[in-house]
$ cat start-v1.cif   # mmCIF, C-alpha atoms
data_upload
#
loop_
_atom_site.label_atom_id
_atom_site.label_comp_id
_atom_site.auth_asym_id
_atom_site.auth_seq_id
_atom_site.Cartn_x
_atom_site.Cartn_y
_atom_site.Cartn_z
CA MET L 1 0.00 0.00 0.00
CA LEU L 2 1.26 3.49 -0.86
CA LEU L 3 0.62 6.80 0.86
CA ILE L 4 -0.19 9.96 -1.05
CA PHE L 5 2.00 13.05 -0.59
CA SER L 6 2.72 16.34 -2.28
CA LEU L 7 6.32 17.03 -3.18
CA PRO L 8 7.70 19.78 -5.40
CA ALA L 9 9.92 18.40 -8.11
CA PRO L 10 13.49 19.71 -7.91
CA ASN L 11 13.71 19.74 -11.70
CA ALA L 12 11.19 20.12 -14.47
CA ALA L 13 10.49 16.41 -14.42
CA ALA L 14 8.39 15.49 -11.42
CA GLU L 15 9.43 12.63 -9.18
CA THR L 16 6.98 9.77 -8.72
CA ALA L 17 7.99 8.21 -5.40
CA LEU L 18 9.29 9.25 -2.02
CA THR L 19 11.76 6.51 -1.16
CA GLN L 20 14.24 6.38 1.67
CA ALA L 21 16.96 7.63 -0.68
CA ARG L 22 14.74 10.53 -1.74
CA VAL L 23 14.07 11.42 1.90
CA LEU L 24 17.82 11.51 2.53
CA GLU L 25 18.34 13.74 -0.50
CA LEU L 26 15.55 16.17 0.32
CA ALA L 27 16.40 16.48 4.00
CA ALA L 28 20.07 17.11 3.19
CA SER L 29 19.23 20.03 0.92
CA ALA L 30 15.73 21.34 1.53
CA ALA L 31 15.37 21.23 5.32
CA LEU L 32 15.03 24.68 6.87
CA GLU L 33 17.94 24.20 9.27
CA VAL L 34 20.28 23.24 6.44
CA ARG L 35 19.24 26.17 4.26
CA LEU L 36 19.70 28.63 7.12
CA SER L 37 23.08 27.17 8.01
CA SER L 38 24.22 27.51 4.40
CA THR L 39 23.77 31.27 4.66
CA GLN L 40 26.35 31.25 7.46
CA ILE L 41 28.85 29.87 4.95
CA GLU L 42 28.09 32.79 2.65
CA GLU L 43 28.72 35.20 5.51
CA GLY L 44 32.00 33.44 6.29
CA GLU L 45 33.09 33.71 2.66
CA ALA L 46 32.30 37.43 2.75
CA ARG L 47 34.40 37.84 5.92
CA LEU L 48 37.27 35.98 4.28
CA ALA L 49 37.10 38.26 1.25
CA GLY L 50 37.21 41.26 3.58
CA ALA L 51 40.19 39.83 5.46
CA LYS L 52 42.19 39.53 2.25
CA VAL L 53 42.30 43.27 1.56
CA ARG L 54 45.75 44.79 1.88
CA THR L 55 44.81 47.08 4.72
CA LEU L 56 41.68 47.85 6.70
CA GLU L 57 42.45 51.57 6.79
CA ASN L 58 42.06 53.87 3.78
CA PRO L 59 44.70 56.50 2.91
CA GLN L 60 43.87 59.97 4.24
CA LEU L 61 44.21 63.13 2.18
CA GLU L 62 44.56 66.44 4.02
CA LEU L 63 44.06 69.84 2.39
CA GLU L 64 44.55 73.22 4.06
CA ALA L 65 44.63 76.79 2.80
CA GLY L 66 44.40 80.31 4.20
CA PRO L 67 45.66 83.91 3.84
CA ARG L 68 49.00 84.80 5.35
CA SER L 69 47.51 87.94 6.94
CA ALA L 70 44.54 90.22 6.57
CA GLU L 71 46.61 92.92 4.84
CA GLU L 72 48.10 90.62 2.17
CA ASP L 73 46.54 88.78 -0.73
CA ASP L 74 48.91 85.81 -0.59
CA VAL L 75 47.34 82.48 0.24
CA ASP L 76 49.25 79.65 1.86
CA PHE L 77 48.17 76.08 1.27
CA GLY L 78 49.26 72.56 2.07
CA VAL L 79 48.55 69.03 0.91
CA GLY L 80 49.22 65.93 2.96
CA LEU L 81 48.77 62.22 2.27
CA GLU L 82 48.94 59.51 4.92
CA ILE L 83 49.10 55.88 3.79
CA PRO L 84 48.67 53.23 6.52
CA VAL L 85 51.00 50.25 6.28
CA GLU L 86 50.13 46.95 7.93
CA LEU L 87 53.05 45.22 9.57
CA TRP L 88 53.58 42.24 11.85
CA GLY L 89 51.69 39.88 9.54
CA ARG L 90 48.30 41.24 10.53
CA ARG L 91 46.74 40.52 7.13
CA ASP L 92 47.89 36.90 7.16
CA LYS L 93 46.57 36.49 10.70
CA ARG L 94 43.21 38.02 9.76
CA ILE L 95 43.00 35.58 6.86
CA ALA L 96 43.85 32.67 9.16
CA VAL L 97 41.03 33.66 11.53
CA ALA L 98 38.54 34.06 8.68
CA GLU L 99 39.54 30.75 7.07
CA ALA L 100 39.18 28.84 10.35
CA GLU L 101 35.80 30.44 11.01
CA LEU L 102 34.64 29.64 7.48
CA GLN L 103 35.67 26.02 7.91
CA ARG L 104 33.79 25.95 11.20
CA GLU L 105 30.64 27.18 9.47
CA LYS L 106 31.00 24.47 6.84
CA TRP L 107 31.23 21.79 9.51
CA LEU L 108 28.27 23.33 11.34
CA THR L 109 26.28 23.08 8.12
CA GLY L 110 27.20 19.41 8.05
CA GLU L 111 25.98 19.11 11.63
CA ALA L 112 22.69 20.79 10.69
CA ARG L 113 22.40 18.33 7.82
CA ARG L 114 23.08 15.39 10.16
CA GLN L 115 20.33 16.42 12.52
CA ALA L 116 17.87 17.30 9.77
CA VAL L 117 18.38 14.00 7.94
CA SER L 118 18.10 12.04 11.20
CA ALA L 119 14.79 13.73 11.98
CA ALA L 120 13.44 13.23 8.46
CA VAL L 121 14.42 9.55 8.24
CA GLY L 122 12.89 8.97 11.67
CA ALA L 123 9.66 10.59 10.47
CA TYR L 124 9.78 8.45 7.32
CA TYR L 125 9.98 5.22 9.32
CA ARG L 126 7.21 6.37 11.63
CA VAL L 127 5.03 6.74 8.53
CA LEU L 128 5.89 3.17 7.54
CA HIS L 129 5.07 2.04 11.07
CA ALA L 130 1.74 3.87 11.04
CA ARG L 131 0.95 2.37 7.65
CA LYS L 132 1.59 -1.12 8.98
CA GLY L 133 -0.62 -0.31 11.95
CA LEU L 134 -3.43 0.66 9.59
CA GLU L 135 -2.98 -2.58 7.66
CA LEU L 136 -3.19 -4.53 10.90
CA ALA L 137 -6.34 -2.66 11.93
CA ARG L 138 -7.99 -3.47 8.61
CA GLU L 139 -6.98 -7.09 8.92
CA ARG L 140 -8.52 -7.15 12.40
CA LYS L 141 -11.77 -5.84 10.97
CA ALA L 142 -11.79 -8.47 8.22
CA LEU L 143 -11.28 -11.21 10.82
CA ALA L 144 -14.00 -9.71 13.01
CA GLU L 145 -16.45 -9.70 10.10
CA GLU L 146 -15.59 -13.31 9.34
CA LEU L 147 -16.12 -14.17 12.99
CA LEU L 148 -19.48 -12.41 12.94
CA ARG L 149 -20.56 -14.54 9.99
CA ILE L 150 -19.50 -17.72 11.77
CA ALA L 151 -21.27 -16.71 15.00
CA THR L 152 -24.42 -15.78 13.10
CA ASP L 153 -24.45 -19.12 11.23
CA ARG L 154 -23.97 -21.05 14.46
CA TYR L 155 -26.71 -19.04 16.18
CA ARG L 156 -29.12 -19.73 13.35
CA ALA L 157 -28.21 -23.40 13.55
CA GLY L 158 -28.89 -23.37 17.27
CA ASP L 159 -25.29 -24.14 18.18
CA ALA L 160 -24.48 -20.78 19.80
CA PRO L 161 -26.35 -18.33 22.05
CA LEU L 162 -27.24 -14.80 20.99
CA PHE L 163 -24.68 -13.18 23.25
CA GLU L 164 -21.92 -14.68 21.10
CA VAL L 165 -23.36 -12.86 18.09
CA ASN L 166 -23.38 -9.69 20.16
CA LEU L 167 -19.78 -10.31 21.17
CA ALA L 168 -18.85 -10.69 17.51
CA ARG L 169 -20.68 -7.47 16.62
CA THR L 170 -18.86 -5.66 19.41
CA GLU L 171 -15.52 -6.92 18.11
CA THR L 172 -16.44 -5.69 14.62
CA ALA L 173 -17.26 -2.22 15.97
CA ARG L 174 -14.03 -2.11 17.96
CA ALA L 175 -12.10 -3.09 14.85
CA ALA L 176 -13.75 -0.30 12.86
CA SER L 177 -12.87 2.15 15.62
CA GLU L 178 -9.26 0.96 15.52
CA ILE L 179 -9.13 1.68 11.79
CA ALA L 180 -10.20 5.27 12.41
CA SER L 181 -7.54 5.68 15.11
CA ALA L 182 -4.88 4.16 12.86
CA GLN L 183 -5.81 6.55 10.06
CA GLY L 184 -5.39 9.45 12.46
CA ARG L 185 -1.96 8.22 13.55
CA LEU L 186 -0.95 7.82 9.92
CA ALA L 187 -2.09 11.36 9.10
CA GLN L 188 -0.13 12.69 12.05
CA ALA L 189 3.01 10.80 11.00
CA ARG L 190 2.60 12.03 7.44
CA ALA L 191 2.34 15.65 8.61
CA ALA L 192 5.53 15.26 10.65
CA LEU L 193 7.36 13.91 7.60
CA GLU L 194 6.11 16.75 5.41
CA GLN L 195 7.25 19.26 8.01
CA SER L 196 10.72 17.71 8.32
CA LEU L 197 11.17 17.92 4.55
CA ALA L 198 9.61 21.39 4.21
CA LEU L 199 6.89 20.00 1.93
CA PRO L 200 3.39 21.44 1.41
CA ALA L 201 0.57 19.38 2.83
CA GLY L 202 -1.59 17.25 0.54
CA GLY L 203 -1.06 16.47 -3.10
CA ASP L 204 -0.23 13.42 -5.14
CA PHE L 205 2.89 11.57 -4.11
CA GLN L 206 3.70 7.95 -3.33
CA ILE L 207 5.75 6.76 -0.39
CA GLU L 208 7.66 3.54 -0.83
CA GLY L 209 9.48 1.53 1.79
CA ASP L 210 9.46 -1.57 3.97
CA LEU L 211 9.60 -1.31 7.74
CA GLU L 212 11.06 -4.82 7.93
CA ASP L 213 14.05 -4.00 5.72
CA ARG L 214 17.08 -3.32 7.94
CA SER L 215 19.80 -3.60 5.29
CA PHE L 216 20.38 0.15 5.33
CA PHE L 217 21.35 0.06 9.01
CA ASP L 218 23.12 -3.31 9.16
CA ARG L 219 26.11 -1.98 7.26
CA PHE L 220 26.71 0.63 9.94
CA HIS L 221 26.45 -2.00 12.63
CA LEU L 222 28.98 -4.27 10.91
CA ASP L 223 31.39 -1.52 9.90
CA PRO L 224 33.83 -0.95 12.80
CA ALA L 225 35.05 2.39 11.41
CA MET L 226 33.78 5.52 13.15
CA ALA L 227 33.50 8.51 10.87
CA SER L 228 34.35 11.95 12.18
CA ARG L 229 31.29 13.88 13.25
CA PRO L 230 30.83 17.39 11.84
CA ASP L 231 30.06 18.82 15.28
CA LEU L 232 33.41 17.52 16.53
CA LEU L 233 35.20 18.90 13.47
CA ALA L 234 33.42 22.23 14.00
CA ALA L 235 34.63 22.28 17.60
CA ARG L 236 38.20 21.65 16.43
CA ALA L 237 37.86 24.40 13.84
CA GLU L 238 36.74 26.73 16.62
CA VAL L 239 39.98 25.94 18.47
CA GLU L 240 41.96 26.85 15.35
CA ALA L 241 40.00 30.07 14.94
CA ALA L 242 40.57 31.01 18.58
CA ASP L 243 44.31 30.37 18.32
CA ALA L 244 44.48 32.46 15.16
CA ASP L 245 42.55 35.17 16.95
CA ILE L 246 45.16 35.20 19.72
CA ALA L 247 47.94 35.71 17.18
CA LEU L 248 45.98 38.53 15.52
CA ALA L 249 45.25 40.25 18.83
CA LYS L 250 48.94 40.12 19.78
CA ALA L 251 49.93 41.55 16.40
CA GLU L 252 47.49 44.41 16.91
CA GLN L 253 49.24 45.28 20.18
CA ARG L 254 52.27 46.39 18.20
CA PRO L 255 52.60 49.95 16.89
CA ASP L 256 50.67 51.08 13.83
CA LEU L 257 52.69 52.58 11.01
CA ALA L 258 51.75 55.02 8.24
CA LEU L 259 53.72 56.75 5.51
CA ARG L 260 53.25 60.52 5.28
CA LEU L 261 53.81 62.79 2.31
CA SER L 262 53.14 66.52 2.45
CA TYR L 263 53.62 69.64 0.40
CA HIS L 264 53.31 73.21 1.73
CA GLN L 265 53.57 76.59 0.09
CA GLU L 266 53.99 79.57 2.39
CA GLY L 267 54.48 82.73 0.37
CA ASP L 268 57.48 82.15 -1.85
CA GLU L 269 58.65 79.17 0.16
CA LYS L 270 57.72 75.65 -0.98
CA VAL L 271 58.32 72.68 1.30
CA ALA L 272 57.94 68.97 0.44
CA LEU L 273 58.24 66.48 3.28
CA ALA L 274 58.13 62.71 3.70
CA GLY L 275 57.96 60.81 6.92
CA VAL L 276 56.29 58.15 8.98
CA ALA L 277 53.66 58.15 11.70
CA VAL L 278 53.99 55.55 14.45
CA GLY L 279 51.17 54.68 16.82
CA LEU L 280 51.84 54.18 20.51
CA PRO L 281 49.43 51.41 21.55
CA PHE L 282 51.36 50.60 24.71
CA LEU L 283 49.93 53.76 26.20
CA ASN L 284 46.43 52.36 25.63
CA PRO L 285 45.73 49.51 28.07
CA ARG L 286 42.54 48.57 26.23
CA ARG L 287 44.62 46.72 23.64
CA GLU L 288 45.29 44.07 26.28
CA ALA L 289 41.61 43.16 26.38
CA PRO L 290 41.42 41.50 22.90
CA VAL L 291 44.33 39.22 23.77
CA ARG L 292 42.76 38.15 27.03
CA GLU L 293 39.40 37.60 25.35
CA ALA L 294 40.99 35.51 22.60
CA MET L 295 42.86 33.38 25.12
CA ALA L 296 39.66 32.76 27.08
CA ARG L 297 37.91 31.82 23.84
CA SER L 298 40.71 29.38 23.07
CA ARG L 299 40.46 27.71 26.47
CA ARG L 300 36.70 27.42 26.15
CA ALA L 301 36.97 25.97 22.64
CA ARG L 302 39.45 23.33 23.82
CA ILE L 303 37.18 22.30 26.68
CA VAL L 304 34.25 21.94 24.28
CA ALA L 305 36.28 19.94 21.75
CA GLU L 306 37.74 17.57 24.33
CA THR L 307 34.37 16.99 25.99
CA LYS L 308 32.58 16.49 22.68
CA GLU L 309 35.11 13.89 21.55
CA ALA L 310 34.51 11.83 24.69
CA VAL L 311 30.73 12.22 24.43
CA ILE L 312 30.65 11.18 20.77
CA SER L 313 32.66 8.06 21.50
CA SER L 314 30.12 7.09 24.17
CA GLN L 315 27.21 7.90 21.86
CA ILE L 316 28.55 5.65 19.11
CA GLU L 317 29.10 2.70 21.44
CA GLY L 318 25.71 3.19 23.06
CA ALA L 319 23.99 3.42 19.68
CA ARG L 320 25.71 0.25 18.48
CA LEU L 321 24.61 -1.72 21.55
CA ALA L 322 21.07 -0.33 21.33
CA TYR L 323 20.79 -1.40 17.70
CA GLN L 324 22.05 -4.91 18.53
CA ALA L 325 19.44 -5.25 21.29
CA ALA L 326 16.63 -3.93 19.07
CA VAL L 327 17.48 -6.32 16.24
CA GLU L 328 17.63 -9.25 18.67
CA ALA L 329 14.16 -8.34 19.95
CA VAL L 330 12.84 -8.33 16.38
CA ARG L 331 14.38 -11.73 15.66
CA GLU L 332 12.80 -13.27 18.74
CA MET L 333 9.42 -12.06 17.58
CA GLU L 334 9.95 -13.24 14.01
CA GLU L 335 11.33 -16.66 14.87
CA VAL L 336 9.22 -17.61 17.90
CA ALA L 337 6.33 -15.36 18.90
CA LEU L 338 4.71 -14.64 15.53
CA PRO L 339 4.65 -18.24 14.24
CA LEU L 340 3.21 -19.54 17.51
CA GLN L 341 0.50 -16.90 17.69
CA SER L 342 -0.45 -17.48 14.08
CA GLU L 343 -0.74 -21.21 14.73
CA ASN L 344 -2.77 -20.67 17.89
CA GLN L 345 -5.16 -18.33 16.09
CA ALA L 346 -5.74 -20.79 13.26
CA MET L 347 -6.40 -23.66 15.68
CA ALA L 348 -8.70 -21.55 17.86
CA THR L 349 -10.73 -20.40 14.83
CA GLU L 350 -11.21 -23.98 13.66
CA SER L 351 -12.11 -25.10 17.19
CA TYR L 352 -14.79 -22.42 17.46
CA ARG L 353 -16.12 -23.26 14.01
CA SER L 354 -16.56 -26.86 15.14
CA GLY L 355 -18.03 -25.84 18.50
CA LYS L 356 -15.15 -27.03 20.67
CA ILE L 357 -14.49 -23.67 22.35
CA ALA L 358 -16.56 -20.61 23.20
CA LEU L 359 -16.40 -17.35 21.29
CA ALA L 360 -14.85 -15.55 24.27
CA THR L 361 -11.90 -17.95 24.16
CA LEU L 362 -11.40 -17.36 20.45
CA LEU L 363 -11.56 -13.60 20.93
CA GLN L 364 -8.95 -13.81 23.66
CA VAL L 365 -6.62 -15.79 21.41
CA ARG L 366 -7.10 -13.32 18.55
CA ARG L 367 -6.49 -10.33 20.78
CA GLU L 368 -3.27 -11.85 22.02
CA ALA L 369 -2.25 -12.50 18.41
CA LEU L 370 -3.03 -8.89 17.46
CA GLU L 371 -1.16 -7.60 20.47
CA THR L 372 1.84 -9.73 19.52
CA ARG L 373 1.82 -8.28 16.02
CA ARG L 374 1.53 -4.76 17.40
CA GLU L 375 4.53 -5.43 19.61
CA TYR L 376 6.36 -6.74 16.57
CA LEU L 377 5.64 -3.53 14.67
CA ASP L 378 6.85 -1.51 17.64
CA HIS L 379 10.04 -3.58 17.74
CA LEU L 380 10.53 -2.96 14.03
CA LEU L 381 10.16 0.79 14.59
CA LYS L 382 12.56 0.62 17.53
CA ALA L 383 15.12 -1.18 15.38
CA SER L 384 14.77 1.50 12.72
CA GLU L 385 15.07 4.31 15.26
CA THR L 386 18.16 2.81 16.88
CA GLY L 387 19.59 2.22 13.40
CA ILE L 388 19.02 5.90 12.63
CA GLY L 389 20.71 6.76 15.91
CA LEU L 390 23.73 4.63 14.99
CA ALA L 391 24.00 6.13 11.50
CA SER L 392 23.69 9.61 12.94
CA ALA L 393 26.20 8.93 15.71
CA ILE L 394 28.93 7.94 13.28
CA GLY L 395 28.22 10.97 11.10
CA THR L 396 26.73 9.21 8.09
CA PHE L 397 23.87 11.68 7.63
CA SER L 398 26.21 14.68 7.50
CA LYS L 399 27.54 13.84 4.04
#
$ encode --input "start-v1.cif" --output "C-alpha cells"
Amino acid sequence: MLLIFSLPAPNAAAETALTQARVLELAASAALEVRLSSTQIEEGEARLAGAKVRTLENPQLELEAGPRSAEEDDVDFGVGLEIPVELWGRRDKRIAVAEAELQREKWLTGEARRQAVSAAVGAYYRVLHARKGLELARERKALAEELLRIATDRYRAGDAPLFEVNLARTETARAASEIASAQGRLAQARAALEQSLALPAGGDFQIEGDLEDRSFFDRFHLDPAMASRPDLLAARAEVEAADADIALAKAEQRPDLALRLSYHQEGDEKVALAGVAVGLPFLNPRREAPVREAMARSRRARIVAETKEAVISSQIEGARLAYQAAVEAVREMEEVALPLQSENQAMATESYRSGKIALATLLQVRREALETRREYLDHLLKASETGIGLASAIGTFSK
C-alpha cells in the first residue's frame, strides 16, 4: 500500500515516489535548518574576502589653505597624504582567523544536515510504522467480520447463544474504531514527515518503503570504522579560529605605522616632506583586552572539543549496543512469537467453528495474536530508530 504526498519536483520532471533515498536527499538540501546554516557559509566567505584586503584603513588626504595675513593677498596652502602600512603579519593572521571560522561554518552546516536528515528519516519510518498499523487494523476488521458470519451461522443453527453474536458485533465495531484511530496516527506521521522535509501538505505523491528491511542500518552496525562527526570537526575548527585570533590580537598590540607625504607653500617658500607616523598602543591599556578575550575563547573551545570527543565516543558505542538489542528483539518475535500466535489463532478459529471452544476464548486468542503483532511492529520501529541513531552517531547523515 502506498501513501499519497505532495512534493515539489526539484527539476522540471516530477518525481513519482518518495523513497528512503529521496528522503535523505531532500532532507540534506531542503530542510530549513540546512538552508539557514548555508547562509552562514556565505557570511563566512564574505568575511574571508574582507580579510584579504591589503589594509583595513584607507589612505587619508589632508588639504589646508588660508591667507597669510589680513593685509596681504597671498594664500598659503598645504597638501598631505597619509598611507597606513600593515606590519607584523596582521593581514595573514586576519585571513587565518577568517579561514578557520569559514571552515567551522562548513562543519556546522554538516551538523545541521546530520540532525535534519536524522529527523526526516525517523519521520519516514514512523510513517511506515503507522501504515503497517493501519494494515493490521484493517486485517482485524476483516477477521472480526468473518467471525461475525460464523457466529451468526452457528446461532441460526442453534449451536451458539445470541450473546456470542453480540460479542462478535462488538468486536467488529471495535475493529472499525481501531481503523479510524490508525488513520489518524498515519495522518499525524505524514504531517511530521512533510514538516521535516519542508513540503506542502496534501497532493499526489507515493511513499515507498518496507519497515522490515534493515539492510540500510546493518552496514553501519557491521562496519567498525567511526567517521568523524561534523560537530566535533566544527569544535576543532573553533579551536583553530581562537588560536588564530590570539595571534591577531597580539599583532594588533604592536605599533601602527603610516607613511606621510606633504607639500606646503607659504608665500614664496615651498616645502615637500616625507615621513612616517607611528602609533603608541602601549599607552592604551585597552589593547590588552582583545588578547585576554581571545585566550579565554581558546580555552573554552578546547574544553568543548575535548568533551565532545569523549561524548561522541560514548554515543557511538551506546547506539551500536542499542541497535544490537533492538534487532535481537525483532528476531525473537519473528522466529518464535509470531509463528506460535499465528498457529494458535488458526487452531482456535477452527475449534470455534466446530463448537469445541466458546467465542470468548477465540476472541482472547485473537487479541493476544493482534497484540503480539503490534509489539512486533513496535520492535521494528525501535530497530529503525536505533539504526538511525547509529548512522547519525557515526556521522553518516552529515555527508
$ closest_residue --input "start-v1.cif" --among "L:Gln103, L:Thr170, L:Gln315, L:Thr361" --to "Glu238 in chain L" --atoms "only C-alpha atoms"
L:Gln103
$ atom_distance --input "start-v1.cif" --atom1 "CA of Arg47 in chain L" --atom2 "CA of Leu26 in chain L"
29.3 Å
$ closest_residue --input "start-v1.cif" --among "L:Glu135, L:Glu309, L:Glu293, L:Glu171" --to "Arg373 in chain L" --atoms "only C-alpha atoms"
L:Glu135
$ closest_residue --input "start-v1.cif" --among "L:Ser351, L:Ser398, L:Ser37, L:Gln20" --to "Ile207 in chain L" --atoms "all atoms listed in the file"
L:Gln20
$ atom_distance --input "start-v1.cif" --atom1 "CA of Lys106 in chain L" --atom2 "CA of Ala249 in chain L"
24.4 Å
$ resolve_selection --input "start-v1.cif" --expression "the PyMOL selection byres ((chain L and resi 389) around 10)" --output "number ranges by chain"
L: 118-119, 122, 217, 315-316, 318-320, 322-323, 383-388, 390-395
$ atom_distance --input "start-v1.cif" --atom1 "CA of Asp210 in chain L" --atom2 "CA of Arg126 in chain L"
11.3 Å
$ residues_around --input "start-v1.cif" --residues "Glu101 in chain L" --least-positions-apart "4" --cutoff "10 Å" --atoms "only C-alpha atoms" --output "ChimeraX atom specification"
/L:41,44-45,47-48,95-97,105-107,234,237-242,244
$ resolve_selection --input "start-v1.cif" --expression "the PyMOL selection byres ((chain L and resi 193) around 9)" --output "VMD selection string"
chain L and resid 119 to 124 126 to 127 188 to 192 194 to 199
$ axis_aligned_box --input "start-v1.cif" --around "range 130-134 of chain L" --padding-each-side "8 Å" --output "AutoDock Vina command-line options"
--center_x -0.8 --center_y 1.4 --center_z 9.8 --size_x 21.2 --size_y 21.0 --size_z 20.3
$ closest_residue --input "start-v1.cif" --among "L:Met333, L:Ile83, L:Leu370, L:Ala49" --to "Glu178 in chain L" --atoms "all atoms listed in the file"
L:Leu370
$ residues_around --input "start-v1.cif" --residues "Tyr263 in chain L" --least-positions-apart "2" --cutoff "12 Å" --atoms "only C-alpha atoms" --output "PyMOL selection string"
chain L and resi 61-65+76-81+260-261+265-266+269-275
$ write_last_selection --input "start-v1.cif" --atoms "C-alpha atoms" --output "PDB file, in the coordinates of the input"
ATOM      1  CA  LEU L  61      44.210  63.130   2.180  1.00  0.00           C
ATOM      2  CA  GLU L  62      44.560  66.440   4.020  1.00  0.00           C
ATOM      3  CA  LEU L  63      44.060  69.840   2.390  1.00  0.00           C
ATOM      4  CA  GLU L  64      44.550  73.220   4.060  1.00  0.00           C
ATOM      5  CA  ALA L  65      44.630  76.790   2.800  1.00  0.00           C
ATOM      6  CA  ASP L  76      49.250  79.650   1.860  1.00  0.00           C
ATOM      7  CA  PHE L  77      48.170  76.080   1.270  1.00  0.00           C
ATOM      8  CA  GLY L  78      49.260  72.560   2.070  1.00  0.00           C
ATOM      9  CA  VAL L  79      48.550  69.030   0.910  1.00  0.00           C
ATOM     10  CA  GLY L  80      49.220  65.930   2.960  1.00  0.00           C
ATOM     11  CA  LEU L  81      48.770  62.220   2.270  1.00  0.00           C
ATOM     12  CA  ARG L 260      53.250  60.520   5.280  1.00  0.00           C
ATOM     13  CA  LEU L 261      53.810  62.790   2.310  1.00  0.00           C
ATOM     14  CA  GLN L 265      53.570  76.590   0.090  1.00  0.00           C
ATOM     15  CA  GLU L 266      53.990  79.570   2.390  1.00  0.00           C
ATOM     16  CA  GLU L 269      58.650  79.170   0.160  1.00  0.00           C
ATOM     17  CA  LYS L 270      57.720  75.650  -0.980  1.00  0.00           C
ATOM     18  CA  VAL L 271      58.320  72.680   1.300  1.00  0.00           C
ATOM     19  CA  ALA L 272      57.940  68.970   0.440  1.00  0.00           C
ATOM     20  CA  LEU L 273      58.240  66.480   3.280  1.00  0.00           C
ATOM     21  CA  ALA L 274      58.130  62.710   3.700  1.00  0.00           C
ATOM     22  CA  GLY L 275      57.960  60.810   6.920  1.00  0.00           C
TER      23      GLY L 275
END
$ residues_around --input "start-v1.cif" --residues "Glu111 in chain L" --least-positions-apart "3" --cutoff "7 Å" --atoms "all atoms listed in the file" --output "list of chain:residue names"
L:Trp107, L:Leu108, L:Arg114, L:Gln115, L:Pro230, L:Asp231, L:Ser398
$ closest_residue --input "start-v1.cif" --among "L:Glu25, L:Glu43, L:Asp92, L:Glu146" --to "Ala116 in chain L" --atoms "only C-alpha atoms"
L:Glu25
$ residues_around --input "start-v1.cif" --residues "Ile246 in chain L" --least-positions-apart "5" --cutoff "7 Å" --atoms "all atoms listed in the file" --output "list of chain:residue names"
L:Val291, L:Ala294, L:Met295
$ resolve_selection --input "start-v1.cif" --expression "the PyMOL selection byres ((chain L and resi 130) around 9)" --output "list of chain:residue names"
L:Tyr125, L:Arg126, L:Val127, L:Leu128, L:His129, L:Arg131, L:Lys132, L:Gly133, L:Leu134, L:Glu135, L:Ala182, L:Gln183, L:Arg185, L:Leu186, L:Ala187, L:Ala189, L:Arg190
$ write_last_selection --input "start-v1.cif" --atoms "C-alpha atoms" --output "compact mmCIF listing (two decimals), keeping the file's coordinate frame"
# COMPACT_ATOMS: atom_id res chain seq x y z
CA TYR L 125 9.98 5.22 9.32
CA ARG L 126 7.21 6.37 11.63
CA VAL L 127 5.03 6.74 8.53
CA LEU L 128 5.89 3.17 7.54
CA HIS L 129 5.07 2.04 11.07
CA ARG L 131 0.95 2.37 7.65
CA LYS L 132 1.59 -1.12 8.98
CA GLY L 133 -0.62 -0.31 11.95
CA LEU L 134 -3.43 0.66 9.59
CA GLU L 135 -2.98 -2.58 7.66
CA ALA L 182 -4.88 4.16 12.86
CA GLN L 183 -5.81 6.55 10.06
CA ARG L 185 -1.96 8.22 13.55
CA LEU L 186 -0.95 7.82 9.92
CA ALA L 187 -2.09 11.36 9.10
CA ALA L 189 3.01 10.80 11.00
CA ARG L 190 2.60 12.03 7.44
$ closest_residue --input "start-v1.cif" --among "L:Lys52, L:Arg91, L:Arg302, L:His379" --to "Glu328 in chain L" --atoms "all atoms listed in the file"
L:His379
$ residues_around --input "start-v1.cif" --residues "Arg292 in chain L" --least-positions-apart "6" --cutoff "12 Å" --atoms "all atoms listed in the file" --output "ChimeraX atom specification"
/L:242-243,245-250,253,285-286,298-299
